[in-house]
Amino acid sequence: MKTRDDYLQNKPLIIAGPCSISSREQITKIAEEVSRLGATVLRAQLWKPRTNPDSFQGVGEEGLVWVKDIKEAVDIDIAMEVTSPSQVDLVHETADILWVGARNMQNFELLKSISDKRHPVILKNGLVANIKEWVGAAKYIGIDRVLFCERGIRTAVNSMRFTLDLNSMIAIQKDYNLPVLVDPSHTAGRRDAVSELALAGVAAGADGLVIETHYNPDEEKVDKDQTIDLDEFKRIVDKARVVYREIYKD
Ligand code: PEP
Ligand code: MN
């Protein structure tokens with residue numbers, strides 16, 4: 001199994017895929033395309049923590065076999081969000097990276113249930129969590145396995161869905177020497193701002209990007225307004241590599 005540091009060998013780490021898996025065809029096609037365009041890890045989300053119970057909740061366990069087949073057929077690793085300890089048991093053999101979403105950042109029973117696994121873990125910041133709380137949550141998992149992911153915070157300013165908190169990213173990197181990814185999709189909430197926020201993150205030193213991507217974003221069941229298409233994904237990946245190389249490669 002790859003370690004967190006294996007994933008950071010080739011920066012910026014690019015993670016992409018739909019907000020949620022909706023069918024075998026959808027996730028297989030997206031896996032093939034984003035892999036071809038430079039993603040090394042797929043967003044493969046079977047369960048979605050949604051604000052409203054009547055919103056689409058994800059395909060659930062049914063989609064696990066689709067993801068297993070992708071693992072065999074496509075050159076891409078699998079990151080899977082878990083929202084309960086029982087889901088950890090279900091997916092830990094399939095997932096290369098486990099994932100805890102913003103709303104579960106302080107779900108301590110969930111964090112503890114991941115602590116005895118060996119996977120790297122993406123840990124998103126809670127909507128109003130401070131750094132001590134975010135790092136504390138990571139300690140429940142095992143801090144040397146965590147990839148922090150800055151996904152935007154709630155502020156008094158609501159020009160977009162959330163506000164990208166690069167201050168926290170930089171503080172975690174400098175004060176704790178820990179890796180931080182940027183999720184420009186959730187902080188933007190709109191397709192036309194994903195590129196700028198992604199590149200700002202990389203320029204400021206993000207270790208990688210997590211980007212919601214779909215071959216036809218309007219078909220996406222969840223978060224379609226912020227989901228970019230493959231052409232835009234390619235432009236962002238190409239530019240992010242140039243920015244990273246210019247600033248950080250010696
Ligand atoms: C997501 O990644 O689709 C998601 C729901 O993000 P967050 O947990 O940051 O809200
Ligand atoms: Mn989403």
# chains A, B, ... in the order shown; residues from 1 in each chain; ligands from 1

call {"tool": "select_by_dssp", "arguments": {"residues": "region 6-213 of chain A", "states": "strand (DSSP E)", "output": "JSON, numbers by chain"}}
result
{"A": [13, 14, 15, 16, 17, 41, 42, 43, 77, 78, 79, 80, 81, 97, 98, 99, 100, 121, 122, 123, 124, 146, 147, 148, 149, 150, 180, 181, 182, 208, 209, 210, 211, 212]}

call {"tool": "write_last_selection", "arguments": {"atoms": "C-alpha atoms", "output": "mmCIF file, in the first residue's frame"}}
result
data_model
loop_
_atom_site.group_PDB
_atom_site.id
_atom_site.type_symbol
_atom_site.label_atom_id
_atom_site.label_comp_id
_atom_site.auth_asym_id
_atom_site.auth_seq_id
_atom_site.Cartn_x
_atom_site.Cartn_y
_atom_site.Cartn_z
ATOM 1 C CA LEU A 13 -0.808 15.713 -6.513
ATOM 2 C CA ILE A 14 -3.895 15.819 -8.725
ATOM 3 C CA ILE A 15 -7.121 14.222 -7.473
ATOM 4 C CA ALA A 16 -10.235 14.463 -9.652
ATOM 5 C CA GLY A 17 -13.621 12.939 -10.333
ATOM 6 C CA VAL A 41 -6.195 9.655 -7.759
ATOM 7 C CA LEU A 42 -9.943 9.337 -8.412
ATOM 8 C CA ARG A 43 -12.694 10.853 -6.272
ATOM 9 C CA ASP A 77 -5.718 5.149 -7.401
ATOM 10 C CA ILE A 78 -8.966 5.290 -5.471
ATOM 11 C CA ALA A 79 -9.921 7.800 -2.766
ATOM 12 C CA MET A 80 -13.184 7.011 -0.974
ATOM 13 C CA GLU A 81 -15.118 9.077 1.542
ATOM 14 C CA ILE A 97 -6.866 6.567 0.271
ATOM 15 C CA LEU A 98 -9.641 7.052 2.828
ATOM 16 C CA TRP A 99 -11.398 10.395 3.078
ATOM 17 C CA VAL A 100 -13.190 12.297 5.833
ATOM 18 C CA VAL A 121 -6.374 9.833 4.742
ATOM 19 C CA ILE A 122 -7.696 13.038 3.214
ATOM 20 C CA LEU A 123 -9.058 15.146 6.079
ATOM 21 C CA LYS A 124 -11.065 18.215 5.116
ATOM 22 C CA VAL A 146 -3.096 12.633 6.916
ATOM 23 C CA LEU A 147 -3.363 14.767 3.802
ATOM 24 C CA PHE A 148 -5.064 17.939 5.011
ATOM 25 C CA CYS A 149 -7.489 19.388 2.456
ATOM 26 C CA GLU A 150 -8.488 23.047 2.609
ATOM 27 C CA VAL A 180 -2.116 20.423 2.543
ATOM 28 C CA LEU A 181 -4.226 20.008 -0.593
ATOM 29 C CA VAL A 182 -6.607 22.651 -1.917
ATOM 30 C CA GLY A 208 -2.013 19.111 -4.487
ATOM 31 C CA LEU A 209 -5.503 19.785 -5.807
ATOM 32 C CA VAL A 210 -8.870 18.051 -5.452
ATOM 33 C CA ILE A 211 -11.139 19.024 -8.352
ATOM 34 C CA GLU A 212 -14.711 17.995 -9.175
#

call {"tool": "select_by_dssp", "arguments": {"residues": "region 32-162 of chain A", "states": "alpha helix (DSSP H)", "output": "count of residues only"}}
result
41

call {"tool": "residues_near_ligand", "arguments": {"ligand": "ligand 2", "cutoff": "9 Å", "atoms": "only C-alpha atoms and all ligand atoms", "output": "number ranges by chain"}}
result
A: 18-20, 48, 185-186, 212, 222-224, 226-227

call {"tool": "closest_residue", "arguments": {"among": "A:Val194, A:Asn10, A:Leu37, A:Val91", "to": "Glu61 (chain A)", "atoms": "only C-alpha atoms"}}
result
A:Val91

call {"tool": "closest_residue", "arguments": {"among": "A:Ile153, A:Met1, A:Ala138, A:Ile70", "to": "ligand 1", "atoms": "only C-alpha atoms and all ligand atoms"}}
result
A:Ile153

call {"tool": "closest_residue", "arguments": {"among": "A:Ile143, A:Ala95, A:Val74, A:Ala129", "to": "Tyr176 (chain A)", "atoms": "only C-alpha atoms"}}
result
A:Ile143

call {"tool": "closest_residue", "arguments": {"among": "A:Ala203, A:Ile170, A:Leu230, A:Ala193", "to": "Ile247 (chain A)", "atoms": "only C-alpha atoms"}}
result
A:Ala203

call {"tool": "closest_residue", "arguments": {"among": "A:Ile141, A:Ala188, A:Ile27, A:Ile236", "to": "Lys68 (chain A)", "atoms": "only C-alpha atoms"}}
result
A:Ile27

call {"tool": "residues_around", "arguments": {"residues": "Lys234 (chain A)", "least_positions_apart": "3", "cutoff": "10 Å", "atoms": "only C-alpha atoms", "output": "short mmCIF file (atom, residue, chain, number, x, y, z; two decimals) with C-alpha atoms, in the first residue's frame"}}
result
data_model
loop_
_atom_site.label_atom_id
_atom_site.label_comp_id
_atom_site.auth_asym_id
_atom_site.auth_seq_id
_atom_site.Cartn_x
_atom_site.Cartn_y
_atom_site.Cartn_z
CA GLU A 33 -10.48 10.52 -18.84
CA VAL A 34 -9.03 12.20 -15.75
CA ARG A 36 -5.38 10.34 -19.22
CA LEU A 37 -5.28 14.06 -18.42
CA GLY A 38 -3.00 13.79 -15.40
CA ALA A 39 -4.97 12.79 -12.29
CA ASP A 229 -15.49 19.68 -17.82
CA LEU A 230 -12.49 17.77 -19.18
CA ASP A 231 -11.13 20.62 -21.31
CA VAL A 237 -3.58 20.64 -14.66
CA ASP A 238 -1.23 21.93 -17.33
CA LYS A 239 -1.07 25.40 -15.78
CA ALA A 240 -0.75 24.05 -12.23
#

call {"tool": "atom_distance", "arguments": {"atom1": "CA of Ala156 (chain A)", "atom2": "CA of Phe108 (chain A)"}}
result
28.0 Å

call {"tool": "closest_residue", "arguments": {"among": "A:Ala73, A:Pro85, A:Leu90, A:Gly152", "to": "Ala102 (chain A)", "atoms": "only C-alpha atoms"}}
result
A:Gly152
